[in-house]
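**Student:** Okay, so here is input_0.txt, and as you'll see once you scroll down, it has compact mmCIF, C-alpha atoms.
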```
# COMPACT_ATOMS: atom_id res chain seq x y z
CA MET E 23 0.00 0.00 0.00
CA THR E 24 1.08 3.56 -0.57
CA HIS E 25 2.03 5.68 2.39
CA SER E 26 -0.73 8.15 1.44
CA ASP E 27 -3.43 5.54 2.09
CA THR E 28 -3.66 6.23 5.78
CA PHE E 29 -6.41 5.30 8.19
CA LYS E 30 -7.92 8.43 9.75
CA LEU E 31 -9.63 8.10 13.10
CA ALA E 32 -10.75 10.87 15.45
CA GLY E 33 -8.35 13.36 13.94
CA ARG E 34 -5.28 11.09 13.87
CA GLU E 35 -3.74 9.16 11.01
CA TYR E 36 -2.53 5.56 11.18
CA THR E 37 -0.72 3.44 8.64
CA SER E 38 -2.17 0.16 9.97
CA ARG E 39 -5.84 -0.71 9.55
CA LEU E 40 -5.59 -3.71 11.87
CA LEU E 41 -6.65 -3.15 15.48
CA VAL E 42 -5.78 -5.90 17.94
CA GLY E 43 -7.06 -6.87 21.37
CA THR E 44 -4.84 -7.73 24.30
CA GLY E 45 -6.78 -10.53 25.99
CA LYS E 46 -6.42 -14.32 26.03
CA TYR E 47 -2.64 -14.46 25.49
CA LYS E 48 -0.59 -16.61 27.84
CA ASP E 49 1.25 -13.61 29.25
CA PHE E 50 2.12 -9.99 28.53
CA GLU E 51 5.33 -11.00 26.72
CA GLN E 52 3.34 -12.98 24.16
CA THR E 53 0.85 -10.14 23.92
CA ARG E 54 3.58 -7.70 22.94
CA ALA E 55 5.16 -10.11 20.46
CA ALA E 56 1.83 -10.67 18.72
CA ILE E 57 1.03 -6.95 18.59
CA GLN E 58 4.43 -6.23 17.07
CA ALA E 59 3.98 -8.97 14.46
CA SER E 60 0.55 -7.58 13.56
CA GLY E 61 1.89 -4.10 12.90
CA SER E 62 -1.10 -2.72 14.79
CA GLN E 63 -0.86 0.81 16.17
CA ILE E 64 -4.15 0.72 18.08
CA VAL E 65 -4.60 -1.88 20.81
CA THR E 66 -7.81 -2.39 22.73
CA VAL E 67 -7.81 -3.17 26.45
CA ALA E 68 -10.66 -4.58 28.54
CA ILE E 69 -10.53 -2.32 31.59
CA ARG E 70 -12.47 -4.76 33.75
CA ARG E 71 -10.09 -7.63 32.98
CA THR E 72 -6.65 -6.13 32.40
CA ASN E 73 -4.50 -4.11 34.75
CA ILE E 74 -3.40 -0.74 33.36
CA GLY E 75 -2.66 0.73 36.77
CA GLN E 76 -5.85 0.21 38.73
CA ASN E 77 -4.33 -2.76 40.60
CA ALA E 78 -1.15 -1.60 42.28
CA GLY E 79 1.55 -4.23 42.65
CA GLU E 80 0.30 -6.39 39.74
CA PRO E 81 1.92 -6.61 36.28
CA ASN E 82 0.83 -3.64 34.21
CA LEU E 83 0.06 -4.06 30.50
CA LEU E 84 1.30 -0.54 29.82
CA ASP E 85 4.81 -1.61 30.76
CA PHE E 86 4.72 -3.90 27.71
CA LEU E 87 2.61 -1.72 25.40
CA PRO E 88 3.47 1.86 26.39
CA PRO E 89 1.10 4.64 25.28
CA SER E 90 4.10 6.41 23.78
CA GLN E 91 4.26 3.65 21.14
CA PHE E 92 0.63 2.54 20.82
CA THR E 93 -2.79 4.15 20.93
CA ILE E 94 -4.50 2.46 23.85
CA LEU E 95 -8.20 1.88 23.23
CA PRO E 96 -10.02 1.13 26.51
CA ASN E 97 -13.12 -1.00 26.04
CA THR E 98 -16.10 -2.01 28.15
CA ALA E 99 -15.99 -5.77 27.62
CA GLY E 100 -18.02 -7.44 30.36
CA CYS E 101 -20.48 -4.57 30.77
CA TYR E 102 -24.20 -5.31 30.46
CA THR E 103 -25.71 -1.89 31.22
CA ALA E 104 -25.14 1.61 29.95
CA ASP E 105 -24.35 2.88 33.44
CA ASP E 106 -21.70 0.20 33.97
CA ALA E 107 -20.07 0.99 30.61
CA VAL E 108 -20.00 4.72 31.26
CA ARG E 109 -18.52 4.22 34.73
CA THR E 110 -15.82 1.92 33.33
CA LEU E 111 -14.72 4.37 30.65
CA ARG E 112 -14.63 7.27 33.08
CA LEU E 113 -12.24 5.19 35.19
CA ALA E 114 -10.14 4.50 32.09
CA ARG E 115 -9.94 8.21 31.35
CA GLU E 116 -8.58 8.83 34.84
CA LEU E 117 -6.04 6.01 34.56
CA LEU E 118 -4.85 7.22 31.14
CA ASP E 119 -4.52 10.91 32.04
CA GLY E 120 -7.55 12.21 30.18
CA HIS E 121 -7.44 9.84 27.20
CA ASP E 122 -10.76 10.19 25.38
CA LEU E 123 -10.73 7.64 22.52
CA VAL E 124 -12.67 4.59 23.71
CA LYS E 125 -14.46 1.51 22.47
CA LEU E 126 -17.98 1.05 23.75
CA GLU E 127 -19.63 -2.34 23.95
CA VAL E 128 -22.69 -3.14 26.01
CA LEU E 129 -23.54 -6.83 25.91
CA GLY E 130 -26.99 -8.34 26.10
CA ASP E 131 -26.41 -12.03 26.82
CA PRO E 132 -23.39 -13.76 28.37
CA SER E 133 -23.93 -16.87 26.25
CA ASN E 134 -23.61 -15.16 22.88
CA LEU E 135 -22.19 -11.69 23.70
CA PHE E 136 -24.54 -10.04 21.22
CA PRO E 137 -24.81 -6.27 21.76
CA ASN E 138 -27.69 -4.80 23.72
CA MET E 139 -28.52 -2.01 21.30
CA PRO E 140 -30.90 0.09 23.47
CA GLU E 141 -28.27 0.22 26.23
CA THR E 142 -25.53 0.83 23.65
CA LEU E 143 -27.38 3.82 22.24
CA LYS E 144 -28.00 5.17 25.74
CA ALA E 145 -24.34 4.82 26.74
CA ALA E 146 -23.12 6.31 23.46
CA LYS E 147 -25.15 9.48 23.98
CA THR E 148 -23.90 9.90 27.55
CA LEU E 149 -20.26 9.35 26.56
CA VAL E 150 -20.35 11.66 23.55
CA ASP E 151 -21.98 14.36 25.67
CA ASP E 152 -19.21 13.81 28.24
CA GLY E 153 -16.49 14.51 25.67
CA PHE E 154 -15.46 10.98 24.73
CA LYS E 155 -14.59 9.95 21.18
CA VAL E 156 -16.62 6.77 20.92
CA MET E 157 -15.95 3.78 18.70
CA VAL E 158 -18.93 1.50 19.12
CA TYR E 159 -19.44 -2.27 18.81
CA CYS E 160 -22.92 -2.87 17.46
CA ALA E 161 -25.27 -5.13 15.56
CA ASP E 162 -24.99 -5.15 11.78
CA ASP E 163 -28.21 -3.14 11.53
CA PRO E 164 -27.92 -0.20 9.11
CA ILE E 165 -30.64 1.80 10.88
CA GLN E 166 -29.09 1.56 14.32
CA CYS E 167 -25.63 2.20 12.86
CA ARG E 168 -26.94 5.45 11.41
CA MET E 169 -28.42 6.35 14.78
CA LEU E 170 -25.05 5.82 16.46
CA GLU E 171 -23.32 8.00 13.87
CA ASP E 172 -25.97 10.69 14.33
CA LEU E 173 -25.25 10.64 18.08
CA GLY E 174 -21.64 11.56 17.31
CA CYS E 175 -19.72 8.26 17.44
CA VAL E 176 -16.39 8.51 15.62
CA ALA E 177 -16.42 4.93 14.28
CA ILE E 178 -19.05 2.24 13.76
CA MET E 179 -18.00 -1.35 14.50
CA PRO E 180 -20.61 -3.91 13.41
CA LEU E 181 -20.01 -7.54 14.24
CA ALA E 182 -19.15 -9.98 11.47
CA SER E 183 -20.42 -12.83 13.65
CA LEU E 184 -20.51 -13.53 17.38
CA ILE E 185 -17.52 -12.51 19.52
CA GLY E 186 -14.96 -15.31 19.66
CA SER E 187 -16.90 -17.53 17.25
CA GLY E 188 -14.44 -17.41 14.35
CA MET E 189 -17.38 -17.79 11.96
CA GLY E 190 -16.28 -14.97 9.67
CA ILE E 191 -18.58 -12.54 7.88
CA LEU E 192 -22.08 -14.00 7.91
CA ASN E 193 -23.94 -11.05 6.35
CA PRO E 194 -21.82 -9.14 3.83
CA TRP E 195 -24.90 -7.44 2.41
CA ASN E 196 -25.67 -5.63 5.65
CA LEU E 197 -22.04 -4.59 5.95
CA ARG E 198 -22.15 -3.04 2.49
CA LEU E 199 -25.29 -1.11 3.39
CA ILE E 200 -23.59 0.20 6.53
CA ILE E 201 -20.39 1.10 4.68
CA ASP E 202 -22.21 2.85 1.83
CA GLN E 203 -24.23 5.12 4.14
CA ALA E 204 -21.52 5.94 6.70
CA SER E 205 -19.48 9.14 6.80
CA VAL E 206 -17.29 7.84 9.67
CA PRO E 207 -14.97 4.82 9.59
CA VAL E 208 -16.60 1.39 9.61
CA LEU E 209 -14.58 -1.46 11.12
CA VAL E 210 -15.56 -5.09 11.42
CA ASP E 211 -15.46 -6.11 15.05
CA ALA E 212 -15.94 -9.70 16.26
CA GLY E 213 -16.16 -13.01 14.47
CA VAL E 214 -12.99 -13.01 12.36
CA GLY E 215 -11.45 -16.48 12.44
CA THR E 216 -8.62 -16.47 9.94
CA ALA E 217 -6.78 -14.30 7.46
CA SER E 218 -9.26 -14.75 4.61
CA ASP E 219 -12.05 -13.31 6.81
CA ALA E 220 -10.02 -10.16 7.36
CA ALA E 221 -9.29 -9.87 3.64
CA VAL E 222 -12.99 -10.19 2.77
CA ALA E 223 -13.89 -7.44 5.25
CA MET E 224 -11.39 -5.10 3.65
CA GLU E 225 -12.45 -6.05 0.11
CA LEU E 226 -16.02 -5.09 1.03
CA GLY E 227 -14.77 -1.60 1.83
CA CYS E 228 -14.34 -1.64 5.60
CA ASP E 229 -11.88 0.92 6.90
CA GLY E 230 -10.32 -1.57 9.28
CA VAL E 231 -10.71 -4.77 11.25
CA LEU E 232 -10.52 -5.35 15.00
CA MET E 233 -9.76 -8.82 16.33
CA ASN E 234 -8.48 -10.63 19.38
CA THR E 235 -9.40 -14.31 19.62
CA ALA E 236 -8.47 -15.02 15.99
CA ILE E 237 -4.87 -14.21 16.88
CA ALA E 238 -4.66 -15.13 20.57
CA GLY E 239 -6.53 -18.40 20.03
CA ALA E 240 -4.38 -19.57 17.12
CA ARG E 241 -1.90 -22.40 17.57
CA ASP E 242 0.88 -19.88 16.83
CA PRO E 243 -0.42 -16.40 17.77
CA ILE E 244 2.65 -14.55 16.52
CA LEU E 245 2.54 -16.19 13.10
CA MET E 246 -1.22 -15.61 12.86
CA ALA E 247 -0.71 -11.95 13.76
CA SER E 248 1.69 -11.66 10.84
CA ALA E 249 -0.84 -13.38 8.55
CA MET E 250 -3.58 -10.98 9.63
CA LYS E 251 -1.36 -7.99 8.87
CA LYS E 252 -0.82 -9.22 5.32
CA ALA E 253 -4.52 -10.10 4.87
CA VAL E 254 -5.71 -6.64 5.87
CA GLU E 255 -3.19 -5.02 3.54
CA ALA E 256 -4.09 -7.35 0.64
CA GLY E 257 -7.82 -6.81 1.15
CA ARG E 258 -7.36 -3.05 1.21
CA GLU E 259 -5.30 -3.09 -1.98
CA ALA E 260 -7.90 -5.29 -3.70
CA HIS E 261 -10.65 -2.86 -2.68
CA LEU E 262 -8.72 0.11 -4.03
CA ALA E 263 -7.85 -1.74 -7.23
CA GLY E 264 -11.47 -2.71 -7.91
CA ARG E 265 -12.29 -6.31 -8.69
CA MET E 266 -13.25 -7.48 -12.17
CA PRO E 267 -17.00 -7.78 -12.84
CA ARG E 268 -18.59 -11.10 -12.07
CA LYS E 269 -19.76 -12.93 -15.19
CA PHE E 270 -22.12 -15.72 -14.30
CA TYR E 271 -23.12 -16.91 -17.77
CA SER E 272 -20.13 -16.34 -20.02
CA ALA E 273 -16.41 -16.96 -20.07
CA ASP E 274 -13.75 -14.49 -21.11
CA PRO E 275 -10.37 -15.95 -22.10
CA SER E 276 -7.32 -14.40 -20.54
CA SER E 277 -5.60 -14.30 -23.91
CA PRO E 278 -7.23 -12.63 -26.95
CA ALA E 279 -8.54 -14.86 -29.70
CA GLU E 280 -7.53 -12.48 -32.50
CA GLY E 281 -4.46 -13.39 -34.48
CA LEU E 282 -4.39 -17.07 -33.57
CA ILE E 283 -2.63 -19.35 -36.03
CA GLN E 284 -5.34 -21.37 -37.71
CA SER E 285 -4.79 -25.09 -38.30
CA ARG E 286 -5.64 -26.51 -41.73
```
What is this file in structure tokens?

**Tutor:**
Amino acid sequence: MTHSDTFKLAGREYTSRLLVGTGKYKDFEQTRAAIQASGSQIVTVAIRRTNIGQNAGEPNLLDFLPPSQFTILPNTAGCYTADDAVRTLRLARELLDGHDLVKLEVLGDPSNLFPNMPETLKAAKTLVDDGFKVMVYCADDPIQCRMLEDLGCVAIMPLASLIGSGMGILNPWNLRLIIDQASVPVLVDAGVGTASDAAVAMELGCDGVLMNTAIAGARDPILMASAMKKAVEAGREAHLAGRMPRKFYSADPSSPAEGLIQSR
């Protein structure tokens, strides 16, 4: 990709369109190695599950992924109400010295981790009004995605499939509707299982992909992180290049038929 094809988010530019989570690795050393292999510049942190300074005396993730090198994206994983999510992100802002870029997710069911959209919308409004720059995990519903953008969210993050499922993109048509109507970045969040899933998301026109389990749950997380980096870049280049038209009822030879030597 050219250096001019940067990813713009909340007023900042990034060269990587791959965002990576920091959970489920065996330790912080492996976390850092995977993040480095991915090339990601934005890393998301579950405030309720990972120590970034709230637990004195315990290993601190920020010692391995310092904010001077990475954009830390606090998220509300594990929150099931708007009030809980808002409280969690206000704590994150205190811990990160006023950091205002956050990822909102309000879950509806612990068995499938599908978003609770009424609570998500409620939390988004409160956070935007409180000065946060909100990236929001949501259902792949074009109407509710537009509502979130209208509230002032800086990025819309529809699921590809259920969190941690690895099922890939189950509804590309909805994603295209969301992408085509949005004036803020659209990133696939949740459900990516392997590199081809990430490439498809980017080919559809997504601005980026966020993943965690697909890398951390791989047999070799560092190698998978490297594969995901290449997949996101390849998908983006394919999107910019523009695929050939699909031809369902006719073939088109790669080589022209004109000028062929005729047999007698």

**Student:** Give the answer as one residue: which of E:Ala182, E:Gly215, E:Asp27, E:Thr66 has the shortest atom-to-atom distance to Leu262 in chain E, using all atoms listed in the file?

**Tutor:**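 Residue with the minimum atom-to-atom distance to Leu262 in chain E: E:Asp27.
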
**Student:** In the coordinates of the file, take the point (-21.1, 11.7, 23.9) and a cut-off of 12 Å; then, counting all atoms listed in the file, name each qualifying protein, DNA or RNA residue as a PyMOL selection string.

**Tutor:** chain E and resi 108+111+122-124+126+142-158+170-176

**Student:** Can you work out which one of E:Gln52, E:Ser90, E:Ser187, E:Thr110 has the shortest atom-to-atom distance to Asn134 in chain E, counting all atoms listed in the file?

**Tutor:** E:Ser187

**Student:** Mind pulling up the distance from CA of Ala161 in chain E to CA of Leu40 in chain E?

**Tutor:** 20.1 Å

**Student:** Counting only C-alpha atoms, figure out which residue out of E:Lys252, E:Arg168, E:Arg241, E:Arg198 gets nearest to Ala217 in chain E.

**Tutor:**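 Nearest candidate to Ala217 in chain E out of E:Lys252, E:Arg168, E:Arg241, E:Arg198: E:Lys252.
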
**Student:** Sorted by chain and rising residue number, which residues of range 115-199 of chain E lie within 12 Å of range 226-232 of chain E, and what are their closest atom pairs and distances in Å to one decimal, counting all atoms listed in the file, as JSON lines?

**Tutor:**
```
{"residue": "E:Lys125", "atom": "CA", "partner": "E:Leu232", "partner_atom": "CA", "distance": 10.9}
{"residue": "E:Met157", "atom": "CA", "partner": "E:Leu232", "partner_atom": "CA", "distance": 11.2}
{"residue": "E:Val158", "atom": "CA", "partner": "E:Leu232", "partner_atom": "CA", "distance": 11.6}
{"residue": "E:Tyr159", "atom": "CA", "partner": "E:Leu232", "partner_atom": "CA", "distance": 10.2}
{"residue": "E:Ala177", "atom": "CA", "partner": "E:Asp229", "partner_atom": "CA", "distance": 9.5}
{"residue": "E:Ile178", "atom": "CA", "partner": "E:Asp229", "partner_atom": "CA", "distance": 10.0}
{"residue": "E:Met179", "atom": "CA", "partner": "E:Leu232", "partner_atom": "CA", "distance": 8.5}
{"residue": "E:Pro180", "atom": "CA", "partner": "E:Val231", "partner_atom": "CA", "distance": 10.2}
{"residue": "E:Leu181", "atom": "CA", "partner": "E:Leu232", "partner_atom": "CA", "distance": 9.8}
{"residue": "E:Ala182", "atom": "CA", "partner": "E:Val231", "partner_atom": "CA", "distance": 9.9}
{"residue": "E:Ile185", "atom": "CA", "partner": "E:Leu232", "partner_atom": "CA", "distance": 11.0}
{"residue": "E:Gly186", "atom": "CA", "partner": "E:Leu232", "partner_atom": "CA", "distance": 11.9}
{"residue": "E:Gly190", "atom": "CA", "partner": "E:Val231", "partner_atom": "CA", "distance": 11.7}
{"residue": "E:Ile191", "atom": "CA", "partner": "E:Leu226", "partner_atom": "CA", "distance": 10.4}
{"residue": "E:Asn193", "atom": "CA", "partner": "E:Leu226", "partner_atom": "CA", "distance": 11.2}
{"residue": "E:Pro194", "atom": "CA", "partner": "E:Leu226", "partner_atom": "CA", "distance": 7.6}
{"residue": "E:Trp195", "atom": "CA", "partner": "E:Leu226", "partner_atom": "CA", "distance": 9.3}
{"residue": "E:Asn196", "atom": "CA", "partner": "E:Leu226", "partner_atom": "CA", "distance": 10.7}
{"residue": "E:Leu197", "atom": "CA", "partner": "E:Leu226", "partner_atom": "CA", "distance": 7.8}
{"residue": "E:Arg198", "atom": "CA", "partner": "E:Leu226", "partner_atom": "CA", "distance": 6.6}
{"residue": "E:Leu199", "atom": "CA", "partner": "E:Leu226", "partner_atom": "CA", "distance": 10.4}
```

**Student:** Generate a file of the selected residues that holds C-alpha atoms, formatted as a PDB file, keeping the file's coordinate frame.

**Tutor:**
```pdb
ATOM      1  CA  LYS E 125     -14.460   1.510  22.470  1.00  0.00           C
ATOM      2  CA  MET E 157     -15.950   3.780  18.700  1.00  0.00           C
ATOM      3  CA  VAL E 158     -18.930   1.500  19.120  1.00  0.00           C
ATOM      4  CA  TYR E 159     -19.440  -2.270  18.810  1.00  0.00           C
ATOM      5  CA  ALA E 177     -16.420   4.930  14.280  1.00  0.00           C
ATOM      6  CA  ILE E 178     -19.050   2.240  13.760  1.00  0.00           C
ATOM      7  CA  MET E 179     -18.000  -1.350  14.500  1.00  0.00           C
ATOM      8  CA  PRO E 180     -20.610  -3.910  13.410  1.00  0.00           C
ATOM      9  CA  LEU E 181     -20.010  -7.540  14.240  1.00  0.00           C
ATOM     10  CA  ALA E 182     -19.150  -9.980  11.470  1.00  0.00           C
ATOM     11  CA  ILE E 185     -17.520 -12.510  19.520  1.00  0.00           C
ATOM     12  CA  GLY E 186     -14.960 -15.310  19.660  1.00  0.00           C
ATOM     13  CA  GLY E 190     -16.280 -14.970   9.670  1.00  0.00           C
ATOM     14  CA  ILE E 191     -18.580 -12.540   7.880  1.00  0.00           C
ATOM     15  CA  ASN E 193     -23.940 -11.050   6.350  1.00  0.00           C
ATOM     16  CA  PRO E 194     -21.820  -9.140   3.830  1.00  0.00           C
ATOM     17  CA  TRP E 195     -24.900  -7.440   2.410  1.00  0.00           C
ATOM     18  CA  ASN E 196     -25.670  -5.630   5.650  1.00  0.00           C
ATOM     19  CA  LEU E 197     -22.040  -4.590   5.950  1.00  0.00           C
ATOM     20  CA  ARG E 198     -22.150  -3.040   2.490  1.00  0.00           C
ATOM     21  CA  LEU E 199     -25.290  -1.110   3.390  1.00  0.00           C
TER      22      LEU E 199
END
```

**Student:** May I ask which of the residues E:Leu209, E:Phe136, E:Ile57, E:Tyr36 is the closest one to Met246 in chain E, counting all atoms listed in the file?

**Tutor:**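 Between E:Leu209, E:Phe136, E:Ile57, E:Tyr36, the residue approaching Met246 in chain E most closely is E:Ile57.
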
**Student:** Which one is closest to Gly43 in chain E: E:Pro96, E:Gly264, E:Gly120, E:Pro132? Count only C-alpha atoms.

**Tutor:** E:Pro96

**Student:** Figure out the distance between CA of His261 in chain E and CA of Pro207 in chain E, please, to one decimal in Å.

**Tutor:**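 Rounded to one decimal, the two atoms are 15.1 Å apart.
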
**Student:** Rank nothing, just name the residue among E:Gln166, E:Leu113, E:Glu225, E:Leu184 nearest to Leu129 in chain E, using only C-alpha atoms.

**Tutor:** E:Leu184

**Student:** What lies within 7 Å of range 58-64 of chain E using only C-alpha atoms, ignoring chain neighbours under 2 positions off, as a list in words?

**Tutor:**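 Residues near the query, excluding close chain neighbours: Ser38, Leu40, Leu41, Val42, Arg54, Ala55, Ala56, Thr66, Phe92, Thr93, Ile94, Leu95, Ile244, Ala247, Ser248, Met250 and Lys251 of chain E.
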
**Student:** Can you tell me how far CA of Thr28 in chain E sits from CA of Ala236 in chain E, in Å to one decimal?

**Tutor:** 24.1 Å

**Student:** Would you list the residues near (-12.7, -6.5, 30.6), meaning any protein, DNA or RNA residue with an atom at most 12 Å from that point in file coordinates, counting only C-alpha atoms, as a PyMOL selection string?

**Tutor:** chain E and resi 43-46+66-74+96-102+106-107+110-111+114+125-129
